[in-house]
Each structure stands twice: as C-alpha cells, then as structure tokens.
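Comments concern the structure below.
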Amino acid sequence: MKNTLLQLGLAFLLLQSCAPKEPTVLQFENEALRKTFSQPRHPDAISVELYDKQQEVFLNNPAGLPYFEAVINGQILSAADPVWVFESQQSRSMGNGGTEYELRYRAATGPAEGLVVLIRQQLFPGSPIVREKLELLADAENRFNLNKKDGELHFRFPQYRLRTAQAGKPQTTEIRIASWNHKPITFAKAGDPPGKSNHMYYPDVRAAAPDAPGDRPAKGPFRIIHNNDWSFGLAYEHASQDNTNGLLDIKKKAEDGRIVDAMQGIKGVFNFEIKDEDFQFLGIGAVAQAQGIDASVQAMRGAYLDGEPIDARHPYASVWTAHFHHTGPALEDSKALIRDYLLNKICEHPASRKPEFYYNTWGMQRASEELRGVLTYENLFREIEHAADLGADIFVLDDGWEEKHGDWTPHRERLSQGLGPIREKLEQHGLKMGIWLSPPTIDSTTERYHAHPEWVVKDSEGNPIAAQWGHCGFDMVSGFQQVFIEDCKRLIDQGARFFKWDAINTFFSDLPGLHHGDSTYTASERRARYEYLLPIYVTEAMRILTEYEPELIIEVDLTEARRVMTGLAPLSQGKLFWMNNGASGYNDYGPYRAQSMRTIPNEFAGIIPLELFTYANYPHDLEGSLDYNIHTSLIAGHGYWGKLDLTTADVRQKVGAKTKLSKQVLPYLTDIAPEVEGKVGASPEVYRMINAEAGAGQVFAFTTEPVAALNQKVKVNTENVGAILHTPFELSEQEARLQFTLDQPYASGAAFLLPIGEKGIQITASDSPLLSWEVEAAGVAYHTAGDGVQTIRWPEELGSPTVTGAVVLEKTKNSTHLLFKLESKSGDKVKIKAPN
C-alpha cells in the first residue's frame, strides 16, 4: 500500500533560495485516489484536482471553482488568486494508520500580502476518504481582518466543481442526525397520547435535486451528490440540533411577549427571537452549474465576527471536513464510507472505539429517596461487586460524587477518604473508574463562582440564568475552558479513565470581553459567535484530555433538546450518550424502556456505527423481561444501571454470561453494518450483526405479541463458525439456520456465532440451545439448555477423540473429518478430547 506525497519540480531547498521559482506540484495518493495541488505559474493560484483511480476519471474541474474563498481586509481572497507562494510541507503518522500532511502557502502580493494559509490533508491507506482543514495565520509583523460580504458571512472551504458529464442527472441526499423528536414512537399502545415521542434526536434523510443559485445550503452534516456513474460526499465536523424542536416552551411568555425559556436545562427571560436558522452554523452547498455541480462547505452563522483579527495571537481555522467518493449511486455504499469515516478515520485514539460495557450509578440513585446521598463507600462497594458480576468493564459515578457542581472534588462527608478507596475496589474487580461531570454548571456558593463573575451567563435582563438543576452556567468560550481541563486532569491523575459530560447546553451567552467578541459587537453577534465556538471549545478540551491520557473515554450526554454537541465534532474524540429515559420513565424495569433505547440502533443502523452510542438498561428480572432488556444493551449502548441489590446472584450470573459471549464476538463486528428487520415493537423485530467471513456475530429477535417459531437464515462462511449459542441451529452451505422461540409477550431470543478455533472443531447442528462452547488445549467442551442431539465435525488429523458426558449415536467419516452425533442431557458438560 502507498499513501505518499510526491513533489515534482525543484527540491524544497531551492524553494527557499533567491533563484527564479518553478511551479510546485504536490500529489497525495493511495490505491483509491490521487489528489493534486498545483500552481501552473509562480506565484499563482492553488489548483486542486481529484482523480478516482478505480474508475480512472477526474472527479472535478480544478479551474471551475476556487478551493477556498474568504473575505480578507474587505476583499475576496481565494485559491484562484495569482498570489500564492508554496513555502513548505511536512507530514506526521497518525494514531489510526493515516498520514497527515501540512502544506504552507503565503500570499506574496496584494492586500493580503504576508497571510499564511495552512492546508491539512489526512489520507488513509486504500481509502477514498480524505479529511481536510484550512488555517489562516499571520506573523508578528502582519494583521488581517475577516469580513462579511454584502452583510453575510463568506468563508467557503472546501469547494469542488464536480464533473457531471457522465450518464444520469445528478441528485443529492442530505443526512441530518440531530432532529429532536422527529418521529413518534413505533411501539405505542392503546391509550397512549398521540404523537408520543422518544425524547431523542433522530436521523433525517432527505433526497433532493441540486441547489439552484441562491438556494440555502443543506444543513447536513452529510451531503452526497450522485448520478448513475459515481457518488461524491461532503461532511463537516461541528455540532448543533437541526431546529428549535424541544427548545422552548412557547406557552410561557412574559407579559410583553418576550420569551421565557423554562425548558430542560435553562430558565431566563430573553428579548430576542430564536429561529430554526439559528442552529445552522455551516451548510453544504450543491449548486447546479452549466459546467457541473459546485459542492462546498459554507459558513452560515457565527463562524467569525465582521472585522475579526488574524494576527500572531489569533489564527483562524475552519472545522475539519471530509470528502469521499465511490462508483455508482447506491446510498448504502455512501453510508458504508460514512461509518468507516466515523469509526476509523475521525478519531486517532482507539480507546473510545473498543467494545466495552459500563455500569452507571444513576439508576441506583433514582431508586433511592436520597438521590445523591446514596453514594457512600458502603453502597458503592456493594454495587461494584454486583457490576463486576454483570461483566461491566467500567463503573461510572454519576451526579452526587462531587462536593458541588463546579467544585469537582469528592464529597467531603460521604466520600471523606476521596476516590482512592473506590479506585482500589474497582481495580480488585478489574473495572475502570468513570466520573460524571457537568462542564458548564456552577454552584453559586462555590469560591470559583465568586472569583469569576465575568464567566456567569446572564439572560437579557442581566440576571444569571438558571441552568441544569437550577444552578448557574459558566461560559466555556473563555478562560474557563482551561480551568475545566485542569479539573479533569486532576481526576485522571486520581484514576479516572471514563468521563460522562452532561448538560452542555445552549445558553445564549452574549458576555463581552471573552473569546467570542468584545463590547464593540452587538449582543446578537457575540451570541452567534459563542454558539458556533462552544462545540469547538468542548471538542478541543476532549482532544487535550485524550492526548493527556490516551486510554480515556469521554461520553457526551445528548439526552435532551438544546444539547450543543449533537454532531460529528465529539466523535473525533469520544462517544455519544444518546438517550436516557426516552418514552419510558425512570425505574421502568419492564420492556417499555428497552423499546425506547432500541429505537437508537433501529433508526441509526447503517448511518452511525453502533459502537459509538452508549445507553443503559436495567438488568433486573422484576417484570419477567430480563432477556428483552439485556439483549437491548447487547445490540448497542453496552450500559447497565439500576439498584443491583434488586437483582439475584443467579440473574447477575445469567447477565454476566451473556455479556461475556457478546464481548467475544463484538471485536469482529465494529466495522459491520447491522441488518434490521421491523420497527421497534414489531413482531418480529430482528437485529443481525454478522461478520460473514470471520464466522462471528450475534442475532437478536424481539416480539411484542407471541409468534410461532421464528426461523432465521444468516449468510455466513460456515467453514469459520465454531458453534452457535443460545438457540437451536444448523449449518448448511454458506448459511446458518436459527430457530427462535418467542411464544410469550415481550419475548426475546439471542444467537451468538462464535468463530472456529485453531483446531478447526465445529458443532454444525444442535436441536437444543448450547449455553457454552469452550475450545480447550486437548479438544472442546460444551453444555446445553435441554436434552438434545449435536453434530460434531472433528478434523481427522487430530485423531479419534474420546467423548464424555454424552452418548455417541452415530460416527461417520469423510475425506478430512470425522462426524459425530451426540446425545446430551440438560446441564451436563460434554467433553470431546483428542488422544494424547
């Protein structure tokens, strides 16, 4: 494989000399694409060309549209201007296998003389996905200003004029991921209120023709342009919800008509209008031109202030963007690249991509009248032991471990010895410590609150807003960001390896003199700049902390409307806690909560990798729906909570055994798109997650109403399947046949496909569910849930084995294997052992 940078022309050394300059050509390429940066004359425009190596075609017309465009010192400056001198390039190897290249150009003449443009490109072996970013710099001798054009922001990067001469009329598909309560629940029952929702962000996939000139760009964060021959996608890494849904209680207004914001997470009086357009900070244009389609990422709101300086202390950067392409118009092929991008390319630290299970104390706390007071050493130690039984890898201390909001130290009375005893207890059970934090929330009785009144967010009447739980809120687009980072570093030093960041809300801050504008700008301008920068500041804090501790996982809570981190930005550093109570209430031990949670993988399957979502279910059997609940966490979410004293040791053992099985197959599934049959509440509702080549996977079936025996056929390389657990099965030619029994209301079944071991021993059929399958040094062992018959495929090269714990009914032989039919009894351990 190659992922190389080639330079044609003079060596870089000559570029620094006083000799006449030659044009520079820089090429980046791998097996999928070649991207060329060139300058036909010197100094001259920066021309960028994309070549699809598989189709052997150029994707864009480099002369048709400037690669970047901004208004500097009142004039439009673009890559097409003949002012650019190439100065240098450098590269670094990335933690995810890619290579980042940095190209440095300087404006040699004109009004922006001395302005430096850094172009960052990230390429990955064999992939058509490219991440890119633009930065504008100035040295101590220069100062420039970003300006508006005709009263509007004008910053566009990247831009590509796509060639559309190939067959088929171009179309576009926009994929949004942050549409609050976009759909009603699919599992409503008689008597439920109409339009009852899941209290979550939904995807919204929109097909449309290309834009006409002057049309508003699509919000995205994904947009794909396609015809019969090819597809080209653009994405940007920012965050915001798609509209005002769930943001305001429009019934509550002051007498003079002003908005009284009293919804989740904020209370205050505001004298400005809030519109859907306020949440579109960036857009993806796909404008139809006679010569092609102009695809671009454009600044829409808050991306900069009119007159914002670019000097030695104030560089300016775009957000990270990405482009990708593939042959043909299939949206599923585009989605496959999106999943690869989000799982493998956007993030350099693998910790947040590992399939791990966690337990969170909030469910236990909600079951107690004390809520926060229940977090004592005695209760936590007992809960840690129970969580270990469930198979958890991470134990998260939720709200209540801290002294006060904004004073992120252990509670002086309940946890008088600090976090040390908890860390020791966790390490005894092989669990990592997680900590809940609400980054912007500040208790007004803390020293920090009184020391920094300049950070306290206020409403339009100058009163501190009431943020989450009635506390005040700090403005994070300020020096407070670094203070919070230091708080987190101290917790990391005390053993935290998981953070849950909650209630990062839209606070409408227009505070002057911070990092989003001084008093020379209007309140609305400062507010727009703050709202644009907030997800960038939070993501940068995440980046700094995951660099500080690469094993750290940061989960961002997006369980309410107005959460500003709903987008791709946090996925560059962590995971998303997507829904909490949903359509169900707290302490719902039955199937209703599980249905809410399962809406996440049901709606997002095929768009966002399920490994990037977290959510929690109750591992209790109080309402006879244990499997229904647990299987929901095994599909995705990987979280448990609840008062575990309400579970029995037998229940915890059962949950732990299934968690262990899921852990065996999940490493094979992180790049696999699930196949989903039926909406939540359907009978049946099936999730198939299969790595066909590896012979590994898991299948879950649910039903609301009892159904007859549910038979499922799964395409898989049966040569690589060792055994299938928890359901009767038969392996045939490249297919596994599964049989689920769902004869009760709210029933659920599971099948775990375990890959074959090095010895090549298989169970190819069992008419009773297997509960275990262990590959041992001298053979294999298993036991079943009931009396039944199993067919064993045993490599002849291992010799004739001995069988204990079962009756040999039949023994045959083919050219390479011995075939046994064994009759086993429920619970008996069967061992098949090779001769010494």
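Residue numbering restarts at 1 for every chain of the structure tokens, chains are lettered A, B, ... in their displayed order, and ligands are numbered from 1 as they appear.
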Step one, run DSSP on the backbone; step two, keep only residues of range 267-356 of chain A assigned to helix (DSSP H, G or I); then write them as a ChimeraX atom specification.
/A:276-279,331-345,350-353
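Candidate residues A:Tyr449, A:Trp501, A:Phe272, A:Tyr532 were compared for distance to Val477 in chain A, and the nearest is A:Tyr532, using only C-alpha atoms.
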Compile the contact shell of range 647-663 of chain A as a list of chain:residue names: residues with an atom at most 7 Å away, counting only C-alpha atoms, same-chain residues fewer than 5 positions apart removed.
A:Asp389, A:Leu390, A:Gly391, A:His620, A:Leu634, A:Phe752
Could the residues in this selection be saved with C-alpha atoms as a PDB file, in the first residue's frame?
```
ATOM      1  CA  ASP A 389     -20.888  -9.927  38.136  1.00  0.00           C
ATOM      2  CA  LEU A 390     -22.707  -8.359  35.176  1.00  0.00           C
ATOM      3  CA  GLY A 391     -19.491  -8.264  33.162  1.00  0.00           C
ATOM      4  CA  HIS A 620     -33.366  -6.845  36.569  1.00  0.00           C
ATOM      5  CA  LEU A 634     -26.036  -6.147  23.796  1.00  0.00           C
ATOM      6  CA  PHE A 752     -24.101 -15.874  19.342  1.00  0.00           C
TER       7      PHE A 752
END
```
Name all residues at most 9 Å from Leu610 in chain A (count only C-alpha atoms; drop same-chain ones fewer than 2 positions away) and give them as a PyMOL selection string.
chain A and resi 600-601+604-608+612-614+635-637+670+673-674
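Between CA of Gly292 in chain A and CA of Ala235 in chain A lies a distance of 19.6 Å.
Near Glu547 in chain A, within 12 Å and counting only C-alpha atoms, sit Gly95, Cys347, Glu348, His349, Pro350, Ala351, Ile485, Lys489, Ile492, Glu540, Ala541, Met542, Arg543, Glu551, Leu552, Ile553 and Gln573 of chain A, not including residues fewer than 4 positions from it in the same chain.
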May I have the residues within 10 Å of Thr109 in chain A as a short mmCIF file (atom, residue, chain, number, x, y, z; two decimals) with N, CA, C and O atoms, in the first residue's frame, using only C-alpha atoms and disregarding those fewer than 2 positions away in the same chain?
```cif
data_model
loop_
_atom_site.label_atom_id
_atom_site.label_comp_id
_atom_site.auth_asym_id
_atom_site.auth_seq_id
_atom_site.Cartn_x
_atom_site.Cartn_y
_atom_site.Cartn_z
N PRO A 43 4.42 33.23 -8.71
CA PRO A 43 3.35 32.73 -7.86
C PRO A 43 2.04 32.64 -8.63
O PRO A 43 1.86 33.36 -9.62
N ASP A 81 -6.64 33.24 -6.78
CA ASP A 81 -5.88 34.47 -6.97
C ASP A 81 -4.41 34.16 -7.25
O ASP A 81 -3.82 33.29 -6.58
N PRO A 82 -3.79 34.88 -8.16
CA PRO A 82 -2.38 34.59 -8.53
C PRO A 82 -1.40 35.23 -7.56
O PRO A 82 -0.56 36.06 -7.93
N VAL A 83 -1.49 34.84 -6.28
CA VAL A 83 -0.66 35.48 -5.26
C VAL A 83 0.12 34.47 -4.41
O VAL A 83 0.95 34.87 -3.59
N TRP A 84 -0.10 33.16 -4.60
CA TRP A 84 0.35 32.19 -3.62
C TRP A 84 1.72 31.63 -3.91
O TRP A 84 2.00 31.18 -5.02
N VAL A 85 2.55 31.65 -2.90
CA VAL A 85 3.88 31.05 -2.97
C VAL A 85 3.90 29.83 -2.04
O VAL A 85 3.56 29.94 -0.86
N ARG A 106 2.01 31.16 1.23
CA ARG A 106 1.99 32.56 1.68
C ARG A 106 1.57 33.45 0.52
O ARG A 106 2.01 33.25 -0.62
N ALA A 107 0.71 34.43 0.84
CA ALA A 107 0.33 35.42 -0.17
C ALA A 107 1.51 36.36 -0.41
O ALA A 107 1.97 37.04 0.51
N PRO A 111 -3.54 42.80 -1.26
CA PRO A 111 -3.97 43.30 0.05
C PRO A 111 -3.69 42.33 1.20
O PRO A 111 -3.57 42.76 2.35
N ALA A 112 -3.60 41.03 0.89
CA ALA A 112 -3.35 40.04 1.95
C ALA A 112 -1.90 39.59 1.96
O ALA A 112 -1.59 38.51 2.47
N GLU A 113 -1.00 40.42 1.43
CA GLU A 113 0.42 40.04 1.39
C GLU A 113 0.91 39.67 2.79
O GLU A 113 0.73 40.42 3.75
N GLY A 114 1.53 38.52 2.90
CA GLY A 114 2.05 38.05 4.17
C GLY A 114 1.14 37.05 4.88
O GLY A 114 1.56 36.38 5.83
N LEU A 115 -0.12 36.93 4.44
CA LEU A 115 -1.04 35.97 5.05
C LEU A 115 -0.60 34.55 4.71
O LEU A 115 -0.27 34.25 3.56
#
```
Polymer residues at most 10 Å from Leu137 in chain A, only C-alpha atoms, same-chain spacing of 4 or more positions, as a count of residues only:
17
Quick check for you: according to DSSP on this backbone, which residues of range 499-630 of chain A are classed as strand (DSSP E or B)? Reply as number ranges by chain.
A: 499-501, 505, 553-557, 563, 567, 575-577, 613-617
Export N, CA, C and O atoms of the chosen residues as a PDB file, in the first residue's frame?
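And here's selection_15.pdb as it stands now:
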```pdb
ATOM      1  N   PHE A 499     -15.117   9.634  31.360  1.00  0.00           N
ATOM      2  CA  PHE A 499     -15.884  10.804  31.783  1.00  0.00           C
ATOM      3  C   PHE A 499     -17.249  10.788  31.105  1.00  0.00           C
ATOM      4  O   PHE A 499     -17.343  10.521  29.900  1.00  0.00           O
ATOM      5  N   LYS A 500     -18.270  11.077  31.870  1.00  0.00           N
ATOM      6  CA  LYS A 500     -19.590  11.364  31.317  1.00  0.00           C
ATOM      7  C   LYS A 500     -19.803  12.861  31.464  1.00  0.00           C
ATOM      8  O   LYS A 500     -19.898  13.371  32.583  1.00  0.00           O
ATOM      9  N   TRP A 501     -19.848  13.578  30.337  1.00  0.00           N
ATOM     10  CA  TRP A 501     -20.034  15.023  30.341  1.00  0.00           C
ATOM     11  C   TRP A 501     -21.498  15.321  30.034  1.00  0.00           C
ATOM     12  O   TRP A 501     -21.999  14.991  28.956  1.00  0.00           O
ATOM     13  N   ASN A 505     -25.285  22.679  27.318  1.00  0.00           N
ATOM     14  CA  ASN A 505     -26.489  23.203  26.686  1.00  0.00           C
ATOM     15  C   ASN A 505     -26.225  24.515  25.944  1.00  0.00           C
ATOM     16  O   ASN A 505     -25.204  25.176  26.142  1.00  0.00           O
ATOM     17  N   ILE A 553     -11.831   7.643  27.901  1.00  0.00           N
ATOM     18  CA  ILE A 553     -13.032   7.683  27.063  1.00  0.00           C
ATOM     19  C   ILE A 553     -13.921   8.800  27.591  1.00  0.00           C
ATOM     20  O   ILE A 553     -14.183   8.876  28.794  1.00  0.00           O
ATOM     21  N   ILE A 554     -14.388   9.662  26.691  1.00  0.00           N
ATOM     22  CA  ILE A 554     -15.307  10.729  27.078  1.00  0.00           C
ATOM     23  C   ILE A 554     -16.636  10.496  26.373  1.00  0.00           C
ATOM     24  O   ILE A 554     -16.702  10.432  25.144  1.00  0.00           O
ATOM     25  N   GLU A 555     -17.679  10.358  27.178  1.00  0.00           N
ATOM     26  CA  GLU A 555     -19.043  10.174  26.693  1.00  0.00           C
ATOM     27  C   GLU A 555     -19.777  11.498  26.856  1.00  0.00           C
ATOM     28  O   GLU A 555     -19.818  12.046  27.954  1.00  0.00           O
ATOM     29  N   VAL A 556     -20.339  12.019  25.769  1.00  0.00           N
ATOM     30  CA  VAL A 556     -21.047  13.302  25.811  1.00  0.00           C
ATOM     31  C   VAL A 556     -22.548  13.030  25.845  1.00  0.00           C
ATOM     32  O   VAL A 556     -23.086  12.352  24.969  1.00  0.00           O
ATOM     33  N   ASP A 557     -23.212  13.544  26.847  1.00  0.00           N
ATOM     34  CA  ASP A 557     -24.639  13.312  27.056  1.00  0.00           C
ATOM     35  C   ASP A 557     -25.458  14.193  26.118  1.00  0.00           C
ATOM     36  O   ASP A 557     -25.368  15.419  26.160  1.00  0.00           O
ATOM     37  N   ARG A 563     -28.895  20.329  23.532  1.00  0.00           N
ATOM     38  CA  ARG A 563     -27.523  19.874  23.747  1.00  0.00           C
ATOM     39  C   ARG A 563     -26.687  20.254  22.518  1.00  0.00           C
ATOM     40  O   ARG A 563     -26.983  19.830  21.403  1.00  0.00           O
ATOM     41  N   GLY A 567     -23.628  16.222  16.948  1.00  0.00           N
ATOM     42  CA  GLY A 567     -22.992  16.346  15.643  1.00  0.00           C
ATOM     43  C   GLY A 567     -21.760  15.475  15.586  1.00  0.00           C
ATOM     44  O   GLY A 567     -21.536  14.593  16.427  1.00  0.00           O
ATOM     45  N   LYS A 575     -17.482   9.308  22.511  1.00  0.00           N
ATOM     46  CA  LYS A 575     -18.735   8.628  22.216  1.00  0.00           C
ATOM     47  C   LYS A 575     -19.918   9.512  22.584  1.00  0.00           C
ATOM     48  O   LYS A 575     -19.763  10.560  23.206  1.00  0.00           O
ATOM     49  N   LEU A 576     -21.134   9.017  22.226  1.00  0.00           N
ATOM     50  CA  LEU A 576     -22.346   9.794  22.422  1.00  0.00           C
ATOM     51  C   LEU A 576     -23.328   9.011  23.292  1.00  0.00           C
ATOM     52  O   LEU A 576     -23.743   7.902  22.936  1.00  0.00           O
ATOM     53  N   PHE A 577     -23.711   9.587  24.446  1.00  0.00           N
ATOM     54  CA  PHE A 577     -24.782   9.033  25.269  1.00  0.00           C
ATOM     55  C   PHE A 577     -26.072   9.606  24.715  1.00  0.00           C
ATOM     56  O   PHE A 577     -26.401  10.761  24.959  1.00  0.00           O
ATOM     57  N   PHE A 613     -22.498   4.722  20.151  1.00  0.00           N
ATOM     58  CA  PHE A 613     -23.612   5.104  21.009  1.00  0.00           C
ATOM     59  C   PHE A 613     -23.479   4.416  22.363  1.00  0.00           C
ATOM     60  O   PHE A 613     -23.089   3.244  22.448  1.00  0.00           O
ATOM     61  N   THR A 614     -23.837   5.121  23.429  1.00  0.00           N
ATOM     62  CA  THR A 614     -23.992   4.490  24.732  1.00  0.00           C
ATOM     63  C   THR A 614     -25.390   4.781  25.265  1.00  0.00           C
ATOM     64  O   THR A 614     -25.967   5.831  25.009  1.00  0.00           O
ATOM     65  N   TYR A 615     -25.937   3.816  25.975  1.00  0.00           N
ATOM     66  CA  TYR A 615     -27.184   3.980  26.723  1.00  0.00           C
ATOM     67  C   TYR A 615     -27.260   2.830  27.713  1.00  0.00           C
ATOM     68  O   TYR A 615     -26.514   1.855  27.615  1.00  0.00           O
ATOM     69  N   ALA A 616     -28.156   2.936  28.707  1.00  0.00           N
ATOM     70  CA  ALA A 616     -28.201   1.954  29.783  1.00  0.00           C
ATOM     71  C   ALA A 616     -29.601   1.380  29.942  1.00  0.00           C
ATOM     72  O   ALA A 616     -30.602   2.078  29.790  1.00  0.00           O
ATOM     73  N   ASN A 617     -29.656   0.082  30.250  1.00  0.00           N
ATOM     74  CA  ASN A 617     -30.897  -0.613  30.566  1.00  0.00           C
ATOM     75  C   ASN A 617     -30.795  -1.263  31.939  1.00  0.00           C
ATOM     76  O   ASN A 617     -29.706  -1.428  32.487  1.00  0.00           O
TER      77      ASN A 617
END
```
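The interatomic distance for the pair CA of Asp459 in chain A and CA of Ser179 in chain A works out to 25.9 Å.
Among the candidates A:Glu277, A:Ser127, A:Thr441, A:Ala330, the one nearest to Asn243 in chain A when counting only C-alpha atoms is A:Glu277.
The interatomic distance for the pair CA of Ser766 in chain A and CA of Ser683 in chain A works out to 25.3 Å.
Minimum distance to Leu822 in chain A across A:Ser88, A:Gln698, A:Asn227, A:Thr764 (counting only C-alpha atoms) occurs at A:Thr764.
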Of the candidates A:Phe155, A:Phe507, A:Tyr668, A:Tyr160, which one gets nearest to Asn691 in chain A if we count only C-alpha atoms?
A:Tyr668
